[in-house]
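K.L.:
Below you'll find my_file_39.csv; it's CSV, C-alpha atoms.
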chain,number,residue,atom,x,y,z
A,678,MET,CA,-70.0,-11.2,-26.5
A,679,ILE,CA,-66.3,-10.7,-25.7
A,680,ASN,CA,-65.2,-7.1,-25.4
A,681,ILE,CA,-61.8,-6.3,-26.8
A,682,ILE,CA,-59.5,-3.9,-25.0
A,683,LYS,CA,-56.3,-2.9,-26.7
A,684,SER,CA,-54.9,0.0,-24.6
A,685,LYS,CA,-53.1,-0.5,-21.3
A,686,ASP,CA,-54.5,2.9,-20.3
A,687,ASN,CA,-58.1,1.6,-20.4
A,688,ASP,CA,-59.9,2.3,-17.1
A,689,LYS,CA,-60.9,-1.3,-16.7
A,690,ILE,CA,-57.3,-2.4,-17.0
A,691,LYS,CA,-56.1,0.1,-14.5
A,692,TYR,CA,-58.9,-0.8,-12.1
A,693,THR,CA,-58.1,-4.5,-12.3
A,694,LYS,CA,-54.3,-3.9,-11.8
A,695,SER,CA,-55.1,-1.8,-8.6
A,696,LEU,CA,-56.6,-5.0,-7.1
A,697,LEU,CA,-53.1,-6.6,-7.1
A,698,LYS,CA,-52.3,-4.5,-4.0
A,699,THR,CA,-53.9,-4.8,-0.6
A,700,LYS,CA,-54.7,-1.1,-0.5
A,701,GLY,CA,-56.7,-1.4,-3.7
A,702,ARG,CA,-58.5,-4.6,-2.6
A,703,ASN,CA,-59.4,-3.1,0.8
A,704,LYS,CA,-60.7,0.1,-0.8
A,705,GLU,CA,-62.9,-1.7,-3.4
A,706,LYS,CA,-63.7,-4.8,-1.4
A,707,LYS,CA,-62.8,-6.9,-4.4
A,708,PHE,CA,-60.1,-9.3,-5.3
A,709,ILE,CA,-58.6,-11.3,-8.3
A,710,ILE,CA,-58.6,-15.0,-8.9
A,711,GLU,CA,-56.4,-16.3,-11.8
A,712,GLY,CA,-56.4,-19.6,-13.6
A,713,TYR,CA,-58.7,-22.0,-15.4
A,714,ARG,CA,-59.1,-24.4,-12.5
A,715,ILE,CA,-59.9,-21.9,-9.8
A,716,LEU,CA,-62.5,-20.2,-12.0
A,717,THR,CA,-64.3,-23.5,-12.5
A,718,LEU,CA,-64.2,-24.0,-8.7
A,719,ALA,CA,-65.6,-20.5,-8.2
A,720,LEU,CA,-68.5,-21.3,-10.5
A,721,GLU,CA,-69.2,-24.6,-8.8
A,722,CYS,CA,-69.4,-22.8,-5.5
A,723,ASP,CA,-71.7,-20.1,-7.0
A,724,ALA,CA,-69.1,-17.4,-6.3
A,725,LYS,CA,-70.2,-14.0,-7.6
A,726,LEU,CA,-67.9,-13.1,-10.5
A,727,GLU,CA,-68.1,-9.5,-11.5
A,728,TYR,CA,-66.2,-9.8,-14.7
A,729,VAL,CA,-63.5,-11.8,-16.4
A,730,PHE,CA,-60.4,-11.0,-18.5
A,731,ILE,CA,-58.7,-13.4,-20.9
A,732,ASN,CA,-55.6,-13.0,-23.0
A,733,GLU,CA,-55.3,-13.6,-26.7
A,734,ASP,CA,-54.2,-17.3,-26.3
A,735,PHE,CA,-57.0,-18.4,-24.0
A,736,GLU,CA,-59.5,-19.4,-26.6
A,737,LYS,CA,-57.2,-21.9,-28.3
A,738,LYS,CA,-58.2,-24.8,-26.1
A,739,GLN,CA,-61.7,-26.4,-26.4
A,740,ASP,CA,-62.3,-26.7,-22.6
A,741,HIS,CA,-61.5,-23.0,-22.3
A,742,LYS,CA,-64.1,-22.2,-25.0
A,743,VAL,CA,-66.6,-24.2,-23.0
A,744,LEU,CA,-65.8,-22.2,-19.9
A,745,LEU,CA,-66.3,-18.9,-21.7
A,746,GLU,CA,-69.7,-20.2,-23.0
A,747,GLU,CA,-70.7,-20.9,-19.4
A,748,LEU,CA,-69.6,-17.5,-18.3
A,749,GLU,CA,-71.6,-15.8,-21.1
A,750,SER,CA,-74.7,-17.9,-20.2
A,751,LYS,CA,-74.5,-16.4,-16.7
A,752,ASN,CA,-74.2,-12.9,-18.2
A,753,ILE,CA,-70.7,-12.4,-16.8
A,754,LYS,CA,-68.9,-9.7,-18.8
A,755,ILE,CA,-65.7,-11.0,-20.6
A,756,TYR,CA,-62.9,-8.7,-21.7
A,757,LYS,CA,-60.0,-9.8,-23.9
A,758,THR,CA,-56.6,-8.1,-24.1
A,759,SER,CA,-53.1,-8.8,-25.4
A,760,ASN,CA,-50.8,-11.2,-23.7
A,761,LYS,CA,-48.5,-8.4,-22.6
A,762,ILE,CA,-51.3,-6.3,-21.0
A,763,PHE,CA,-52.8,-9.4,-19.4
A,764,SER,CA,-49.5,-10.3,-17.8
A,765,GLU,CA,-49.4,-7.0,-16.0
A,766,MET,CA,-52.7,-7.8,-14.3
A,767,VAL,CA,-51.5,-11.0,-12.6
A,768,ASP,CA,-48.6,-11.9,-10.3
A,769,THR,CA,-47.7,-15.2,-12.0
A,770,GLU,CA,-45.1,-15.7,-14.6
A,771,ASN,CA,-46.7,-18.6,-16.4
A,772,THR,CA,-50.3,-17.4,-16.6
A,773,GLN,CA,-53.1,-19.5,-17.9
A,774,GLY,CA,-54.6,-16.5,-19.5
A,775,ILE,CA,-57.8,-16.0,-17.5
A,776,LEU,CA,-58.7,-14.0,-14.4
A,777,ALA,CA,-61.8,-12.9,-12.6
A,778,VAL,CA,-62.8,-10.2,-10.2
A,779,LEU,CA,-65.0,-11.0,-7.2
A,780,ARG,CA,-66.4,-9.1,-4.3
A,781,TYR,CA,-65.4,-9.8,-0.7
A,782,LYS,CA,-67.7,-11.8,1.4
A,783,GLU,CA,-67.8,-9.8,4.6
A,784,ARG,CA,-69.0,-11.8,7.6
A,785,ASP,CA,-69.4,-11.3,11.3
A,786,LEU,CA,-69.4,-13.6,14.3
A,787,VAL,CA,-73.1,-13.3,15.3
A,788,ASN,CA,-74.5,-14.0,11.8
A,789,ASN,CA,-72.0,-16.5,10.6
A,790,ILE,CA,-71.3,-18.8,13.5
A,791,ASN,CA,-74.4,-21.0,14.1
A,792,GLN,CA,-75.6,-22.7,17.2
A,793,ASP,CA,-74.8,-26.1,15.6
A,794,ASP,CA,-71.2,-25.1,14.9
A,795,LYS,CA,-68.8,-27.1,17.1
A,796,PHE,CA,-65.3,-26.5,15.6
A,797,VAL,CA,-63.8,-23.1,15.0
A,798,LEU,CA,-60.2,-22.2,14.1
A,799,ILE,CA,-58.6,-19.0,15.3
A,800,LEU,CA,-55.5,-17.6,13.5
A,801,ASP,CA,-53.3,-15.2,15.4
A,802,ARG,CA,-51.0,-13.2,13.2
A,803,ILE,CA,-50.4,-15.9,10.5
A,804,GLN,CA,-48.3,-13.9,8.0
A,805,ASP,CA,-47.0,-16.3,5.4
A,806,PRO,CA,-49.3,-16.5,2.4
A,807,GLY,CA,-48.5,-20.1,1.7
A,808,ASN,CA,-49.2,-21.1,5.3
A,809,MET,CA,-52.5,-19.1,5.4
A,810,GLY,CA,-53.7,-20.7,2.1
A,811,THR,CA,-52.7,-24.2,3.3
A,812,ILE,CA,-54.4,-23.8,6.6
A,813,ILE,CA,-57.6,-22.6,5.0
A,814,ARG,CA,-57.5,-25.6,2.6
A,815,THR,CA,-56.8,-28.0,5.4
A,816,ALA,CA,-59.5,-26.6,7.6
A,817,ASP,CA,-61.9,-27.2,4.7
A,818,SER,CA,-60.8,-30.8,4.5
A,819,ALA,CA,-61.0,-31.3,8.3
A,820,GLY,CA,-64.5,-30.1,8.5
A,821,VAL,CA,-63.9,-26.9,10.5
A,822,ASP,CA,-67.1,-24.8,10.7
A,823,ALA,CA,-65.5,-21.3,10.6
A,824,ILE,CA,-62.1,-19.6,10.6
A,825,ILE,CA,-61.6,-16.5,12.7
A,826,LEU,CA,-58.8,-14.2,11.6
A,827,LEU,CA,-57.4,-11.8,14.2
A,828,LYS,CA,-55.6,-8.6,13.5
A,829,GLY,CA,-52.1,-9.0,12.0
A,830,CYS,CA,-52.9,-11.9,9.7
A,831,VAL,CA,-51.9,-11.8,6.1
A,832,ASP,CA,-54.5,-10.5,3.6
A,833,ILE,CA,-56.5,-13.6,2.7
A,834,TYR,CA,-57.2,-12.1,-0.7
A,835,ASN,CA,-53.5,-11.9,-1.5
A,836,PRO,CA,-53.1,-13.9,-4.8
A,837,LYS,CA,-50.6,-16.3,-3.2
A,838,VAL,CA,-53.1,-17.1,-0.5
A,839,ILE,CA,-55.9,-17.6,-3.0
A,840,ARG,CA,-53.7,-20.1,-5.0
A,841,SER,CA,-52.7,-22.0,-1.9
A,842,THR,CA,-56.3,-22.5,-0.9
A,843,MET,CA,-57.0,-24.5,-4.1
A,844,GLY,CA,-60.5,-23.2,-4.1
A,845,SER,CA,-61.3,-23.6,-0.4
A,846,ILE,CA,-61.5,-19.8,-0.2
A,847,PHE,CA,-65.0,-20.2,-1.7
A,848,ASP,CA,-66.1,-22.9,0.7
A,849,MET,CA,-64.9,-21.7,4.1
A,850,ASN,CA,-66.7,-19.4,6.5
A,851,ILE,CA,-64.0,-16.9,7.2
A,852,ILE,CA,-64.5,-14.1,9.7
A,853,GLN,CA,-62.2,-11.2,10.4
A,854,THR,CA,-62.6,-9.6,13.9
A,855,THR,CA,-60.7,-8.4,17.0
A,856,GLN,CA,-59.3,-10.7,19.6
A,857,ASP,CA,-61.6,-9.3,22.4
A,858,GLU,CA,-64.7,-9.7,20.3
A,859,ALA,CA,-63.7,-13.3,19.3
A,860,VAL,CA,-63.0,-14.4,22.9
A,861,ASP,CA,-66.1,-12.8,24.3
A,862,PHE,CA,-68.3,-14.4,21.6
A,863,LEU,CA,-66.8,-17.8,21.9
A,864,LYS,CA,-66.9,-17.9,25.7
A,865,ALA,CA,-70.6,-16.7,25.6
A,866,ASN,CA,-71.4,-19.6,23.2
A,867,ASN,CA,-69.7,-22.2,25.3
A,868,PHE,CA,-66.6,-22.8,23.2
A,869,ASP,CA,-63.4,-24.1,24.9
A,870,ILE,CA,-60.4,-22.2,23.6
A,871,VAL,CA,-57.6,-24.7,22.9
A,872,SER,CA,-54.2,-23.1,22.1
A,873,SER,CA,-51.1,-24.7,20.6
A,874,TYR,CA,-48.3,-23.8,23.0
A,875,LEU,CA,-44.8,-25.1,23.4
A,876,HIS,CA,-44.5,-24.4,27.1
A,877,THR,CA,-47.0,-26.8,28.5
A,878,GLU,CA,-46.9,-30.4,29.8
A,879,SER,CA,-50.1,-31.4,28.0
A,880,TYR,CA,-49.7,-33.3,24.7
A,881,TYR,CA,-52.4,-32.9,22.0
A,882,ASN,CA,-52.9,-36.6,21.7
A,883,GLU,CA,-53.3,-37.2,25.4
A,884,THR,CA,-56.0,-34.6,25.7
A,885,THR,CA,-59.8,-35.0,25.2
A,886,TYR,CA,-61.8,-32.4,23.3
A,887,ASP,CA,-65.5,-32.3,24.4
A,888,GLY,CA,-68.3,-29.9,23.4
A,889,LYS,CA,-67.4,-26.9,21.2
A,890,ILE,CA,-63.8,-26.3,20.4
A,891,ALA,CA,-62.0,-23.1,19.2
A,892,LEU,CA,-58.4,-24.1,18.2
A,893,VAL,CA,-55.8,-21.3,18.2
A,894,ILE,CA,-52.8,-21.3,15.9
A,895,GLY,CA,-50.2,-18.6,16.4
A,896,ASN,CA,-47.7,-16.5,14.5
A,897,GLU,CA,-45.0,-18.5,12.7
A,898,ALA,CA,-42.1,-16.9,14.7
A,899,ASN,CA,-43.7,-15.8,18.0
A,900,GLY,CA,-46.6,-18.2,18.5
A,901,ILE,CA,-49.8,-17.1,20.2
A,902,ASN,CA,-49.9,-13.8,22.1
A,903,ASP,CA,-49.7,-13.9,25.9
A,904,GLU,CA,-53.2,-12.4,26.4
A,905,LEU,CA,-54.9,-15.1,24.3
A,906,ILE,CA,-52.8,-17.8,26.1
A,907,SER,CA,-54.1,-16.5,29.4
A,908,LYS,CA,-57.7,-16.8,28.2
A,909,SER,CA,-57.3,-20.3,26.8
A,910,ASP,CA,-59.1,-23.2,28.5
A,911,LYS,CA,-56.5,-25.8,27.4
A,912,LEU,CA,-52.9,-25.6,26.2
A,913,VAL,CA,-51.6,-28.4,24.1
A,914,LYS,CA,-48.3,-29.2,22.3
A,915,ILE,CA,-47.1,-31.6,19.6
A,916,PRO,CA,-44.1,-33.7,20.7
A,917,ILE,CA,-40.8,-33.1,18.9
A,918,TYR,CA,-38.9,-36.3,18.6
A,919,GLY,CA,-36.0,-35.0,16.6
A,920,ASN,CA,-33.8,-31.9,16.8
A,921,ALA,CA,-36.2,-29.3,15.2
A,922,GLU,CA,-37.2,-26.5,17.5
A,923,SER,CA,-40.8,-26.4,16.3
A,924,LEU,CA,-43.2,-27.4,13.4
A,925,ASN,CA,-44.4,-25.2,10.6
A,926,ALA,CA,-47.6,-23.4,11.5
A,927,ALA,CA,-49.6,-25.1,8.7
A,928,ILE,CA,-48.4,-28.6,9.6
A,929,SER,CA,-49.2,-28.0,13.3
A,930,ALA,CA,-52.6,-26.8,12.4
A,931,ALA,CA,-53.3,-29.9,10.3
A,932,ILE,CA,-52.2,-32.3,13.0
A,933,LEU,CA,-54.3,-30.6,15.7
A,934,MET,CA,-57.4,-30.1,13.5
A,935,TYR,CA,-57.6,-33.7,12.5
A,936,GLU,CA,-57.0,-34.9,16.1
A,937,ILE,CA,-59.8,-32.6,17.5
A,938,LYS,CA,-62.2,-33.6,14.7
A,939,LYS,CA,-62.1,-37.2,15.9
A,940,TYR,CA,-63.9,-36.1,19.0
A,941,LEU,CA,-66.5,-34.0,17.3
A,942,VAL,CA,-67.8,-36.3,14.6
What would you get if you wrote out this structure as structure tokens?

P.N.:
Amino acid sequence: MINIIKSKDNDKIKYTKSLLKTKGRNKEKKFIIEGYRILTLALECDAKLEYVFINEDFEKKQDHKVLLEELESKNIKIYKTSNKIFSEMVDTENTQGILAVLRYKERDLVNNINQDDKFVLILDRIQDPGNMGTIIRTADSAGVDAIILLKGCVDIYNPKVIRSTMGSIFDMNIIQTTQDEAVDFLKANNFDIVSSYLHTESYYNETTYDGKIALVIGNEANGINDELISKSDKLVKIPIYGNAESLNAAISAAILMYEIKKYLV
């Protein structure tokens, strides 16, 4: 059964709109996903959808109707509202007319990095949502076991990040923790910390990567902080053959992840 909501002052509408802001998401430990494709991916990954909103145009397509039937079969509540009110609950201009609210998956190092895990990615103050989403998606493709987010990173439940992950937000084991806790845990579990660093003589493709590896990617403008550099076991850089000063963080991450993965398969 689809529940109709006509008033913009409805509590469910107000609550959903509050999740567009980081403050609201952090308070409620919930976030929004928007769009037909990402909802189908969420269902495939058995993500726990709390409820769904559609606009008045969504049911016009047959595949959309099939999706709604699947949601109803899983006892997920569906609310329908006007196109205008719906547009105020999403941050895209050309909406597909469907959104869902999900609860955060809160993870810690001890319970979510296993003894068999060999490849971890550490992100130090990555702030661009597009970069963050692309890195998460690429880490999923490259077979990274876990992503550790340090303080100062963009909110991974930002709608722009979610869209950029193309569904990998549901697949990846993402842990938010402090730098000290991350370093202590990784050292205690025999990970070598490998940092991307411009001021080194070691090139990434002339280095071997044995055992367990924790790759660090730093802030887009300032790189990796000095303390983490000092605690790294290896520093590597990607050669620049042209005149550019550096590579985009997401591109650098992709190059390094795929090179390291060759040694770990």

K.L.:
Could you check how far CA of Ser695 (chain A) sits from CA of Lys837 (chain A), in Å to one decimal?

P.N.:
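If I compute the distance from CA of Ser695 (chain A) to CA of Lys837 (chain A), I get 16.1 Å.
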
K.L.:
With the cut-off set at 10 Å and counting all atoms listed in the file, tabulate each residue of region 745-814 of chain A with an atom at most that distance from an atom of region 872-896 of chain A, showing the nearest atom pair and its distance in Å to one decimal, ordered by chain and increasing number, as CSV.

P.N.:
residue,atom,partner,partner_atom,distance
A:Asp793,CA,A:Lys889,CA,9.3
A:Asp794,CA,A:Lys889,CA,7.6
A:Lys795,CA,A:Lys889,CA,4.3
A:Phe796,CA,A:Ile890,CA,5.0
A:Val797,CA,A:Ala891,CA,4.6
A:Leu798,CA,A:Leu892,CA,4.9
A:Ile799,CA,A:Val893,CA,4.6
A:Leu800,CA,A:Ile894,CA,5.2
A:Asp801,CA,A:Gly895,CA,4.7
A:Arg802,CA,A:Asn896,CA,4.8
A:Ile803,CA,A:Asn896,CA,4.9
A:Gln804,CA,A:Asn896,CA,7.0
A:Asp805,CA,A:Asn896,CA,9.1
A:Ile812,CA,A:Ile894,CA,9.8

K.L.:
Using only C-alpha atoms, determine which residues lie at most 9 Å from Asn835 (chain A), disregarding the query and same-chain residues fewer than 3 positions distant; provide the list as number ranges by chain.

P.N.:
A: 697-699, 702, 708-709, 806, 831-832, 838-840

K.L.:
Can you build me a table of region 751-808 of chain A residues sitting at most 8 Å from region 690-694 of chain A, with the closest atom pair per residue and its distance in Å to one decimal, using only C-alpha atoms, sorted by chain and residue number, as a Markdown table?

P.N.:
| residue | atom | partner | partner_atom | distance |
| --- | --- | --- | --- | --- |
| A:Glu765 | CA | A:Lys694 | CA | 7.2 |
| A:Met766 | CA | A:Lys694 | CA | 4.9 |
| A:Val767 | CA | A:Lys694 | CA | 7.7 |
| A:Val778 | CA | A:Thr693 | CA | 7.7 |

K.L.:
So which one's closest to Ile755 (chain A), A:Arg784, A:Lys689, A:Lys939, A:Lys864? Using all atoms listed in the file, please.

P.N.:
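Closest residue, counting all atoms listed in the file: A:Lys689.
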
K.L.:
Need the shell around Asn850 (chain A): protein/DNA/RNA residues with any atom at most 10 Å away, counting all atoms listed in the file. Skip same-chain ones fewer than 6 positions apart. Format as a VMD selection string?

P.N.:
chain A and resid 782 to 785 789 to 790 797 813 817 821 to 825

K.L.:
Measuring atom to atom with only C-alpha atoms, identify which of A:Met843, A:Val787, A:Asn899, A:Lys700 is nearest to Met809 (chain A).

P.N.:
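Residue with the minimum atom-to-atom distance to Met809 (chain A): A:Met843.
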
K.L.:
Out of A:Ser923, A:Glu747, A:Lys742, A:Asp869, which residue has the shortest atom-to-atom distance to Lys911 (chain A) when counting all atoms listed in the file?

P.N.:
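Closest to Lys911 (chain A), using all atoms listed in the file: A:Asp869.
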
K.L.:
Name the residues in contact with Arg814 (chain A) at a cut-off of 8 Å, using all atoms listed in the file, excluding same-chain residues fewer than 5 positions from it; report them as a PDB file with C-alpha atoms, in the coordinates of the input.

P.N.:
ATOM      1  CA  SER A 841     -52.700 -22.000  -1.900  1.00  0.00           C
ATOM      2  CA  THR A 842     -56.300 -22.500  -0.900  1.00  0.00           C
ATOM      3  CA  MET A 843     -57.000 -24.500  -4.100  1.00  0.00           C
ATOM      4  CA  GLY A 844     -60.500 -23.200  -4.100  1.00  0.00           C
ATOM      5  CA  SER A 845     -61.300 -23.600  -0.400  1.00  0.00           C
ATOM      6  CA  ILE A 846     -61.500 -19.800  -0.200  1.00  0.00           C
TER       7      ILE A 846
END

K.L.:
Any idea what's packed within 9 Å of region 725-736 of chain A, counting all atoms listed in the file, ignoring anything in its chain fewer than 4 positions away? Could you give it as a list in words?

P.N.:
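My reading of the contact set: Ala719, Leu720, Asp740, His741, Lys742, Leu745, Leu748, Ile753, Lys754, Ile755, Tyr756, Lys757, Thr758, Ser759, Asn760, Lys761, Ile762, Phe763, Ser764, Gln773, Gly774, Ile775, Leu776, Ala777, Val778, Leu779 and Arg780 of chain A.
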
K.L.:
Considering all atoms listed in the file, state which residue in the set A:Ser909, A:Asn703, A:Asn680, A:Asn925 is at the smallest distance from Val860 (chain A).

P.N.:
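Ranking A:Ser909, A:Asn703, A:Asn680, A:Asn925 by distance to Val860 (chain A), first place goes to A:Ser909.
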
K.L.:
Identify which of the residues A:Thr769, A:Asn867, A:Ser684, A:Gln853 lies closest to Leu786 (chain A), counting only C-alpha atoms when measuring atom-to-atom distances.

P.N.:
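For Leu786 (chain A), the nearest of the given residues is A:Gln853.
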
K.L.:
For Leu718 (chain A), list every protein, DNA or RNA residue within 9 Å, evaluated using all atoms listed in the file, and leave out those in the same chain fewer than 3 positions away; present the list as a PyMOL selection string.

P.N.:
chain A and resi 713-715+721-724+843-845+847

K.L.:
Closest to Ala930 (chain A) among A:Ile901, A:Ile851, A:Thr811, A:Ser907, using only C-alpha atoms?

P.N.:
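The closest residue to Ala930 (chain A) is A:Thr811.
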
K.L.:
In the coordinates of the file, take the point (-56.9, -6.8, 15.0) and a cut-off of 8 Å; then, counting all atoms listed in the file, name each qualifying protein, DNA or RNA residue as a compact mmCIF listing (two decimals) with C-alpha atoms, in the frame of the given file.

P.N.:
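File point-v8.txt, as written:
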# COMPACT_ATOMS: atom_id res chain seq x y z
CA LEU A 827 -57.40 -11.80 14.20
CA LYS A 828 -55.60 -8.60 13.50
CA GLY A 829 -52.10 -9.00 12.00
CA THR A 854 -62.60 -9.60 13.90
CA THR A 855 -60.70 -8.40 17.00
CA GLN A 856 -59.30 -10.70 19.60

K.L.:
Report, in Å with one decimal, the straight-line distance from CA of Gln792 (chain A) to CA of Ile906 (chain A).

P.N.:
25.0 Å

K.L.:
By how many Å are CA of Thr815 (chain A) and CA of Leu933 (chain A) apart?

P.N.:
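Interatomic distance here is 10.9 Å.
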